[in-house]
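See structure below.
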Amino acid sequence: MRLYNTLKRKKQEFVPQTPGKVNMYVCGITAYDLCHIGHARSSVVFDVLFRYLKHKGFDVTFIRNFTDIDDKIIKRAGEVGKEAAEIAEQFIGEFYVDMDRLAIERPTVEPKCTAHIPEMLKLTQELIDKGHAYATPSGDVYFKVRSFDGYGKLSGRNIDELESGARIEPGEEKQDPLDFALWKGAKPGEPSWESPWGRGRPGWHLECSAMSEKYAPLPLDIHGGGQDLSFPHHENEIAQSEAATGKPFANFWVHNGFVQINSEKMSKSLGNFFTIRDILAKFLPETLRYFLLTMHYRSPLDFSFDALEEAEKGLRRIYAALAQVETELAKENWKKSPFPAELDAELDAAVASFAEAMEDDLNTAGALGHVFTAVRLAGRVCEDKNLRKSEGGRDFFLRIRDAFKQWGAILGIFEHAPAAFLTELRDSRAARAGIDPATVESLIAARQEARKNKDFARSDAIRDELLALHVDVKDTPQGATWDVAG
RNA sequence: GGCGACAUAGCCAAGUGGUAAGGCAGAGGUCUGCAAAACCUCCAUUCUCCGGUUCAAAUCCGGAUGUCGCCUCCA
């Protein structure tokens with residue numbers, strides 16, 4: 001497959017170091033608050049990459065860390081009067097709740113920063129020994145950026161231009177404004193660990209270098225994260241790891257684009273900030289996941305509830321087709337009658353196109369376009385009395401079901417029982433619209449009674465009444481069903 | 001100021017040299033007691049603008065305009 005490599009600024013054929021095996025490291029969360037939609041996007045993107053690589057038959061080691069000691073965690077702990085470790089544990093728990101709802105598979109390894117202090121001390125010592133880092137009198141250790149030639153190669157920055165913007169904060173003992181902390185000397189009341197330079201705690205960038213090296217042989221095949229992490233975080237990881245080991249750190253750098261609100265970055269200060277919980281209070285998790293996949297992973301993605309609602313309609317149409325296929329497959333007495341070969345050919349083409357889209361830099365948006373080809377094909381066969389009752393039709397339905405099973409496993413959607421999902425989706429929509437299902441059911445019962453008596457005036461009057469509640473009634477041979485209108 | 005990304009129909013969006021996927025919305029039709037859903041048909045001679053390269057460009061190059069991101073913690 002082809003993947004866009006930030007390091008080379010172009011798509012490249014992805015080839016792992018060891019045939020058949022892939023090592024992938026993705027920067028995880030800092031556990032100090034609930035996750036927002038941006039975390040959801042990043043998680044979904046790399047979950048799909050993980051699933052797709054496995055689908056292709058690779059033995060994937062997926063490492064995703066937890067930053068469980070950090071300024072923000074300490075700050076939060078201070079605010080609520082808890083220990084930093086308690087805060088980290090709490091929000092790691094909340095993280096899993098969100099991830100599970102979004103059907104994010106667990107990575108192979110999920111190392112925590114605080115469980116790898118010895119590895120970080122070792123790496124820091126190596127960097128000091130090789131002249132790439134220095135300790136200060138107050139017990140900080142800094143990485144000497146100018147000692148590493150490749151600095152800036154990932155983010156395309158020039159070290160002298162960076163220099164002009166950088167400055168030394170009061171209290172810092174850096175030799176150069178560009179230098180960054182590997183180890184921070186302990187401050188009173190903060191969590192700290194013993195080190196050769198006195199008690200302290202690791203700097204943020206250090207953990208990813210130390211833990212990736214521990215769980216995968218360098219170079220990593222893939223290193224991923226949000227676009228904003230490329231500088232300085234990923235740049236610093238490269239500097240640390242390559243300066244210490246002399247080996248390249250990662251072959252492919254994959255960065256997902258940002259979630260925006262009204263074309264602007266979301267941030268707490270702008271007040272345009274949504275947590276995953278905020279969304280899932282109104283929409284099903286699969287709707288959010290589907291929505292996130294309707295755009296290419298590197299593009300900025302504009303979030304709005306209107307856009308989510310639009311995505312929801314698309315997802316509903318897909319599931320409606322799957323439900324119809326299930327209904328037909330539950331029937332028996334298949335007839336021997338001719339089945340048009342061009343329908344099979346179109347389905348073949350859709351399956352092939354889906355695969356091509358995924359091969360081309362994980363183009364889930366393009367791939368979903370081909371999913372709708374299968375949806376239309378299913379509808380066409382269901383429409384035709386002869387086709388849907390034929391043996392060829394049955395085989396076609398089975399093929400469609402298989403295709404969706406495979407696509408669903410890759411994308412992490414389409415995996416619910418269709419009829420049950422549609423009911424759940426309808427109830428979710430009804431709840432948003434403030435529709436009381438019991439009221440609807442009783443009106444429908446009254447309407448059925450009227451229809452039974454051929455009292456169509458009354459039947460239509462009730463339909464109008466339901467429509468005023470934003471409810472559409474659908475009469476089927478099995479009785480009346482309903483959905484939220486629009 | 002430096003670095004970078006993006007600009008495709010009413011809206012969202014895929015598409016990196018060969019003559020514009022898909023979704024949502026909309027119009028007409030089939031079906032239906034009426035509807036809804038589904039299906040069929042239609043809906044960008046054109047890809048922000050101006051130049052250039054080429055037999056051929058939304059796709060490559062140069063310029064303009066606009067939007068956004070990074071350069072400080074951030075997915």
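To be explicit about the labels: the chains of the structure tokens are called A, B, and onward in the order shown, and within each one the residues are counted from 1, while ligands get numbers from 1 in the order they are shown.
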Could you work out which residues of chain B fall inside 9 Å of chain A? Count only C-alpha atoms (C1' of nucleotides), and format the result as a PDB file with N, CA, C and O atoms (P, O5', C5', C4', C3', O3' and C1' of nucleotides), in the first residue's frame.
```
ATOM      1  P     G B   2       8.649  35.621   5.520  1.00  0.00           P
ATOM      2  O5'   G B   2       9.137  34.357   6.358  1.00  0.00           O
ATOM      3  C5'   G B   2      10.530  34.108   6.549  1.00  0.00           C
ATOM      4  C4'   G B   2      10.706  32.832   7.322  1.00  0.00           C
ATOM      5  C3'   G B   2      10.013  31.614   6.716  1.00  0.00           C
ATOM      6  O3'   G B   2      10.795  31.017   5.699  1.00  0.00           O
ATOM      7  C1'   G B   2       9.472  31.736   9.009  1.00  0.00           C
ATOM      8  P     C B   3      10.025  30.328   4.474  1.00  0.00           P
ATOM      9  O5'   C B   3       9.423  29.010   5.126  1.00  0.00           O
ATOM     10  C5'   C B   3      10.293  28.005   5.645  1.00  0.00           C
ATOM     11  C4'   C B   3       9.478  26.935   6.330  1.00  0.00           C
ATOM     12  C3'   C B   3       8.372  26.318   5.479  1.00  0.00           C
ATOM     13  O3'   C B   3       8.849  25.346   4.582  1.00  0.00           O
ATOM     14  C1'   C B   3       7.520  26.818   7.623  1.00  0.00           C
ATOM     15  P     G B   4       8.065  25.192   3.164  1.00  0.00           P
ATOM     16  O5'   G B   4       6.627  24.619   3.581  1.00  0.00           O
ATOM     17  C5'   G B   4       6.516  23.320   4.109  1.00  0.00           C
ATOM     18  C4'   G B   4       5.144  23.087   4.680  1.00  0.00           C
ATOM     19  C3'   G B   4       3.974  23.081   3.711  1.00  0.00           C
ATOM     20  O3'   G B   4       3.918  21.905   2.933  1.00  0.00           O
ATOM     21  C1'   G B   4       3.348  24.133   5.734  1.00  0.00           C
ATOM     22  P     A B   5       3.042  21.920   1.582  1.00  0.00           P
ATOM     23  O5'   A B   5       1.547  21.825   2.118  1.00  0.00           O
ATOM     24  C5'   A B   5       1.102  20.656   2.804  1.00  0.00           C
ATOM     25  C4'   A B   5      -0.293  20.886   3.324  1.00  0.00           C
ATOM     26  C3'   A B   5      -1.334  21.198   2.261  1.00  0.00           C
ATOM     27  O3'   A B   5      -1.796  20.028   1.622  1.00  0.00           O
ATOM     28  C1'   A B   5      -1.571  22.706   4.062  1.00  0.00           C
ATOM     29  P     C B   6      -2.222  20.107   0.087  1.00  0.00           P
ATOM     30  O5'   C B   6      -3.629  20.850   0.143  1.00  0.00           O
ATOM     31  C5'   C B   6      -4.723  20.259   0.850  1.00  0.00           C
ATOM     32  C4'   C B   6      -5.766  21.312   1.125  1.00  0.00           C
ATOM     33  C3'   C B   6      -6.423  21.939  -0.098  1.00  0.00           C
ATOM     34  O3'   C B   6      -7.445  21.120  -0.619  1.00  0.00           O
ATOM     35  C1'   C B   6      -5.888  23.624   1.470  1.00  0.00           C
ATOM     36  P     C B  12     -19.436  23.099   2.242  1.00  0.00           P
ATOM     37  O5'   C B  12     -19.392  21.529   2.509  1.00  0.00           O
ATOM     38  C5'   C B  12     -19.492  21.019   3.827  1.00  0.00           C
ATOM     39  C4'   C B  12     -19.424  19.515   3.809  1.00  0.00           C
ATOM     40  C3'   C B  12     -18.200  18.890   3.150  1.00  0.00           C
ATOM     41  O3'   C B  12     -17.051  18.943   3.959  1.00  0.00           O
ATOM     42  C1'   C B  12     -20.118  17.721   2.479  1.00  0.00           C
ATOM     43  P     A B  13     -15.614  19.027   3.244  1.00  0.00           P
ATOM     44  O5'   A B  13     -15.571  17.723   2.317  1.00  0.00           O
ATOM     45  C5'   A B  13     -15.532  16.422   2.896  1.00  0.00           C
ATOM     46  C4'   A B  13     -15.624  15.377   1.812  1.00  0.00           C
ATOM     47  C3'   A B  13     -14.448  15.332   0.838  1.00  0.00           C
ATOM     48  O3'   A B  13     -13.396  14.559   1.397  1.00  0.00           O
ATOM     49  C1'   A B  13     -16.501  15.239  -0.361  1.00  0.00           C
ATOM     50  P     A B  14     -11.932  14.693   0.803  1.00  0.00           P
ATOM     51  O5'   A B  14     -11.933  13.691  -0.443  1.00  0.00           O
ATOM     52  C5'   A B  14     -11.915  12.296  -0.192  1.00  0.00           C
ATOM     53  C4'   A B  14     -12.033  11.530  -1.476  1.00  0.00           C
ATOM     54  C3'   A B  14     -10.927  11.723  -2.509  1.00  0.00           C
ATOM     55  O3'   A B  14      -9.751  11.029  -2.143  1.00  0.00           O
ATOM     56  C1'   A B  14     -13.021  11.564  -3.570  1.00  0.00           C
ATOM     57  P     G B  15      -8.364  11.640  -2.532  1.00  0.00           P
ATOM     58  O5'   G B  15      -8.399  11.664  -4.120  1.00  0.00           O
ATOM     59  C5'   G B  15      -8.339  10.446  -4.869  1.00  0.00           C
ATOM     60  C4'   G B  15      -8.694  10.727  -6.304  1.00  0.00           C
ATOM     61  C3'   G B  15      -7.763  11.681  -7.047  1.00  0.00           C
ATOM     62  O3'   G B  15      -6.669  10.973  -7.596  1.00  0.00           O
ATOM     63  C1'   G B  15     -10.001  12.305  -7.450  1.00  0.00           C
ATOM     64  P     A B  21     -17.643  11.106 -12.816  1.00  0.00           P
ATOM     65  O5'   A B  21     -17.244  10.538 -11.390  1.00  0.00           O
ATOM     66  C5'   A B  21     -18.196  10.423 -10.378  1.00  0.00           C
ATOM     67  C4'   A B  21     -17.814   9.226  -9.582  1.00  0.00           C
ATOM     68  C3'   A B  21     -18.791   8.868  -8.496  1.00  0.00           C
ATOM     69  O3'   A B  21     -19.879   8.131  -9.022  1.00  0.00           O
ATOM     70  C1'   A B  21     -16.635   8.921  -7.606  1.00  0.00           C
ATOM     71  P     G B  22     -21.366   8.609  -8.738  1.00  0.00           P
ATOM     72  O5'   G B  22     -21.410   8.496  -7.162  1.00  0.00           O
ATOM     73  C5'   G B  22     -21.148   7.252  -6.529  1.00  0.00           C
ATOM     74  C4'   G B  22     -20.935   7.479  -5.058  1.00  0.00           C
ATOM     75  C3'   G B  22     -22.022   8.296  -4.384  1.00  0.00           C
ATOM     76  O3'   G B  22     -23.153   7.508  -4.082  1.00  0.00           O
ATOM     77  C1'   G B  22     -19.926   9.124  -3.724  1.00  0.00           C
ATOM     78  P     G B  23     -24.590   8.178  -3.898  1.00  0.00           P
ATOM     79  O5'   G B  23     -24.444   8.900  -2.490  1.00  0.00           O
ATOM     80  C5'   G B  23     -24.187   8.133  -1.314  1.00  0.00           C
ATOM     81  C4'   G B  23     -24.014   9.058  -0.141  1.00  0.00           C
ATOM     82  C3'   G B  23     -25.188  10.000   0.093  1.00  0.00           C
ATOM     83  O3'   G B  23     -26.207   9.365   0.830  1.00  0.00           O
ATOM     84  C1'   G B  23     -23.167  11.223   0.159  1.00  0.00           C
ATOM     85  P     C B  24     -27.701   9.719   0.594  1.00  0.00           P
ATOM     86  O5'   C B  24     -27.783  11.224   1.131  1.00  0.00           O
ATOM     87  C5'   C B  24     -27.640  11.488   2.525  1.00  0.00           C
ATOM     88  C4'   C B  24     -27.645  12.972   2.758  1.00  0.00           C
ATOM     89  C3'   C B  24     -28.825  13.733   2.169  1.00  0.00           C
ATOM     90  O3'   C B  24     -29.990  13.601   2.943  1.00  0.00           O
ATOM     91  C1'   C B  24     -26.835  14.919   1.747  1.00  0.00           C
ATOM     92  P     G B  33     -52.274  -0.224  -2.305  1.00  0.00           P
ATOM     93  O5'   G B  33     -52.977   1.191  -2.412  1.00  0.00           O
ATOM     94  C5'   G B  33     -54.093   1.373  -3.268  1.00  0.00           C
ATOM     95  C4'   G B  33     -54.921   2.530  -2.806  1.00  0.00           C
ATOM     96  C3'   G B  33     -54.168   3.830  -2.543  1.00  0.00           C
ATOM     97  O3'   G B  33     -53.921   4.530  -3.741  1.00  0.00           O
ATOM     98  C1'   G B  33     -55.669   3.442  -0.779  1.00  0.00           C
ATOM     99  P     C B  34     -52.515   5.163  -4.011  1.00  0.00           P
ATOM    100  O5'   C B  34     -52.384   6.267  -2.866  1.00  0.00           O
ATOM    101  C5'   C B  34     -53.207   7.432  -2.908  1.00  0.00           C
ATOM    102  C4'   C B  34     -52.940   8.260  -1.680  1.00  0.00           C
ATOM    103  C3'   C B  34     -51.489   8.637  -1.447  1.00  0.00           C
ATOM    104  O3'   C B  34     -51.106   9.737  -2.253  1.00  0.00           O
ATOM    105  C1'   C B  34     -52.479   7.931   0.587  1.00  0.00           C
ATOM    106  P     A B  35     -49.600   9.938  -2.596  1.00  0.00           P
ATOM    107  O5'   A B  35     -48.962  10.100  -1.152  1.00  0.00           O
ATOM    108  C5'   A B  35     -47.629   9.714  -0.912  1.00  0.00           C
ATOM    109  C4'   A B  35     -47.413   9.699   0.576  1.00  0.00           C
ATOM    110  C3'   A B  35     -46.010   9.328   0.986  1.00  0.00           C
ATOM    111  O3'   A B  35     -45.199  10.486   0.988  1.00  0.00           O
ATOM    112  C1'   A B  35     -47.552   8.002   2.189  1.00  0.00           C
ATOM    113  P     A B  36     -43.747  10.408   0.360  1.00  0.00           P
ATOM    114  O5'   A B  36     -42.958   9.514   1.414  1.00  0.00           O
ATOM    115  C5'   A B  36     -42.747   9.972   2.747  1.00  0.00           C
ATOM    116  C4'   A B  36     -42.226   8.830   3.585  1.00  0.00           C
ATOM    117  C3'   A B  36     -41.002   8.131   3.005  1.00  0.00           C
ATOM    118  O3'   A B  36     -39.817   8.802   3.364  1.00  0.00           O
ATOM    119  C1'   A B  36     -42.608   6.516   3.614  1.00  0.00           C
ATOM    120  P     A B  37     -38.599   8.797   2.369  1.00  0.00           P
ATOM    121  O5'   A B  37     -38.157   7.266   2.343  1.00  0.00           O
ATOM    122  C5'   A B  37     -37.521   6.695   3.479  1.00  0.00           C
ATOM    123  C4'   A B  37     -37.367   5.211   3.264  1.00  0.00           C
ATOM    124  C3'   A B  37     -36.605   4.798   2.014  1.00  0.00           C
ATOM    125  O3'   A B  37     -35.211   4.828   2.225  1.00  0.00           O
ATOM    126  C1'   A B  37     -38.588   3.548   2.151  1.00  0.00           C
ATOM    127  P     A B  38     -34.245   5.177   1.008  1.00  0.00           P
ATOM    128  O5'   A B  38     -34.490   3.967  -0.001  1.00  0.00           O
ATOM    129  C5'   A B  38     -34.056   2.647   0.327  1.00  0.00           C
ATOM    130  C4'   A B  38     -34.535   1.689  -0.726  1.00  0.00           C
ATOM    131  C3'   A B  38     -34.160   2.053  -2.152  1.00  0.00           C
ATOM    132  O3'   A B  38     -32.851   1.646  -2.470  1.00  0.00           O
ATOM    133  C1'   A B  38     -36.450   1.525  -2.070  1.00  0.00           C
ATOM    134  P     C B  39     -31.995   2.484  -3.496  1.00  0.00           P
ATOM    135  O5'   C B  39     -32.662   2.109  -4.888  1.00  0.00           O
ATOM    136  C5'   C B  39     -32.634   0.773  -5.364  1.00  0.00           C
ATOM    137  C4'   C B  39     -33.507   0.672  -6.584  1.00  0.00           C
ATOM    138  C3'   C B  39     -33.194   1.681  -7.683  1.00  0.00           C
ATOM    139  O3'   C B  39     -32.123   1.235  -8.497  1.00  0.00           O
ATOM    140  C1'   C B  39     -35.507   1.684  -7.279  1.00  0.00           C
ATOM    141  P     U B  67      -9.188  35.496   4.311  1.00  0.00           P
ATOM    142  O5'   U B  67      -9.293  33.935   4.617  1.00  0.00           O
ATOM    143  C5'   U B  67     -10.568  33.310   4.731  1.00  0.00           C
ATOM    144  C4'   U B  67     -10.385  31.831   4.950  1.00  0.00           C
ATOM    145  C3'   U B  67      -9.469  31.443   6.101  1.00  0.00           C
ATOM    146  O3'   U B  67     -10.102  31.551   7.358  1.00  0.00           O
ATOM    147  C1'   U B  67      -8.941  30.129   4.220  1.00  0.00           C
ATOM    148  P     C B  68      -9.225  31.909   8.626  1.00  0.00           P
ATOM    149  O5'   C B  68      -8.474  30.526   8.905  1.00  0.00           O
ATOM    150  C5'   C B  68      -9.220  29.381   9.245  1.00  0.00           C
ATOM    151  C4'   C B  68      -8.348  28.162   9.125  1.00  0.00           C
ATOM    152  C3'   C B  68      -7.114  28.115  10.020  1.00  0.00           C
ATOM    153  O3'   C B  68      -7.429  27.783  11.358  1.00  0.00           O
ATOM    154  C1'   C B  68      -6.534  27.376   7.862  1.00  0.00           C
ATOM    155  P     G B  69      -6.443  28.200  12.516  1.00  0.00           P
ATOM    156  O5'   G B  69      -5.267  27.135  12.364  1.00  0.00           O
ATOM    157  C5'   G B  69      -5.538  25.764  12.567  1.00  0.00           C
ATOM    158  C4'   G B  69      -4.310  24.955  12.222  1.00  0.00           C
ATOM    159  C3'   G B  69      -3.055  25.304  12.997  1.00  0.00           C
ATOM    160  O3'   G B  69      -3.054  24.698  14.273  1.00  0.00           O
ATOM    161  C1'   G B  69      -2.525  25.091  10.723  1.00  0.00           C
ATOM    162  P     C B  70      -2.264  25.433  15.445  1.00  0.00           P
ATOM    163  O5'   C B  70      -0.759  25.124  15.074  1.00  0.00           O
ATOM    164  C5'   C B  70      -0.258  23.790  15.106  1.00  0.00           C
ATOM    165  C4'   C B  70       1.161  23.783  14.630  1.00  0.00           C
ATOM    166  C3'   C B  70       2.097  24.752  15.346  1.00  0.00           C
ATOM    167  O3'   C B  70       2.536  24.252  16.592  1.00  0.00           O
ATOM    168  C1'   C B  70       2.428  24.943  13.032  1.00  0.00           C
ATOM    169  P     C B  71       2.812  25.283  17.736  1.00  0.00           P
ATOM    170  O5'   C B  71       4.107  26.036  17.208  1.00  0.00           O
ATOM    171  C5'   C B  71       5.318  25.318  16.995  1.00  0.00           C
ATOM    172  C4'   C B  71       6.346  26.235  16.407  1.00  0.00           C
ATOM    173  C3'   C B  71       6.674  27.465  17.228  1.00  0.00           C
ATOM    174  O3'   C B  71       7.595  27.115  18.259  1.00  0.00           O
ATOM    175  C1'   C B  71       6.464  28.048  14.958  1.00  0.00           C
ATOM    176  P     C B  73       5.835  24.010  24.554  1.00  0.00           P
ATOM    177  O5'   C B  73       4.622  23.041  24.837  1.00  0.00           O
ATOM    178  C5'   C B  73       4.533  22.358  26.093  1.00  0.00           C
ATOM    179  C4'   C B  73       3.114  21.972  26.351  1.00  0.00           C
ATOM    180  C3'   C B  73       2.427  21.170  25.252  1.00  0.00           C
ATOM    181  O3'   C B  73       2.805  19.815  25.324  1.00  0.00           O
ATOM    182  C1'   C B  73       0.957  22.815  26.089  1.00  0.00           C
ATOM    183  P     C B  74       2.514  18.872  24.051  1.00  0.00           P
ATOM    184  O5'   C B  74       1.014  19.081  23.583  1.00  0.00           O
ATOM    185  C5'   C B  74       0.049  18.049  23.763  1.00  0.00           C
ATOM    186  C4'   C B  74      -1.299  18.521  23.339  1.00  0.00           C
ATOM    187  C3'   C B  74      -1.727  18.138  21.917  1.00  0.00           C
ATOM    188  O3'   C B  74      -2.383  16.897  21.797  1.00  0.00           O
ATOM    189  C1'   C B  74      -2.218  20.428  22.343  1.00  0.00           C
ATOM    190  P     A B  75      -3.263  16.188  23.081  1.00  0.00           P
ATOM    191  O5'   A B  75      -3.925  15.197  22.031  1.00  0.00           O
ATOM    192  C5'   A B  75      -3.566  13.879  21.832  1.00  0.00           C
ATOM    193  C4'   A B  75      -3.592  13.673  20.326  1.00  0.00           C
ATOM    194  C3'   A B  75      -2.688  14.640  19.586  1.00  0.00           C
ATOM    195  O3'   A B  75      -1.369  14.160  19.550  1.00  0.00           O
ATOM    196  C1'   A B  75      -4.818  14.578  18.564  1.00  0.00           C
TER     197        A B  75
END
```
Inset, instruction - Fewer than 4 positions away in the same chain doesn't count, so skip those; otherwise give me all residues within 10 Å of U46 in chain B, counting only C-alpha atoms (C1' of nucleotides), as a list in words. - result: U8, A9, A20 and A58 of chain B
Inset, instruction - Would you kindly return, as a VMD selection string, each protein, DNA or RNA residue with an atom no farther than 8 Å from any atom of Asn5 in chain A, considering only C-alpha atoms (C1' of nucleotides) and excluding same-chain residues fewer than 4 positions away? - result: chain A and resid 9 to 12 252 to 254
Inset, instruction - Identify, on the basis of only C-alpha atoms (C1' of nucleotides), every residue whose closest approach to Arg201 in chain A does not exceed 12 Å; exclude the query and any residue fewer than 5 positions from it along the same chain; express the result as a ChimeraX atom specification. - result: /A:68-71,74,113-114,116-118,120-121,124,139-141,181-187,190-196,206-207
Inset, instruction - Pull the alpha helix (DSSP H) assignments for range 267-373 of chain A out of DSSP run on the backbone, and list those residues as a ChimeraX atom specification. - result: /A:276-280,285-293,305-329,341-359,364-373
Inset, instruction - Can you work out the spacing between CA of Pro338 in chain A and CA of Asp395 in chain A in Å, to one decimal? - result: 12.2 Å
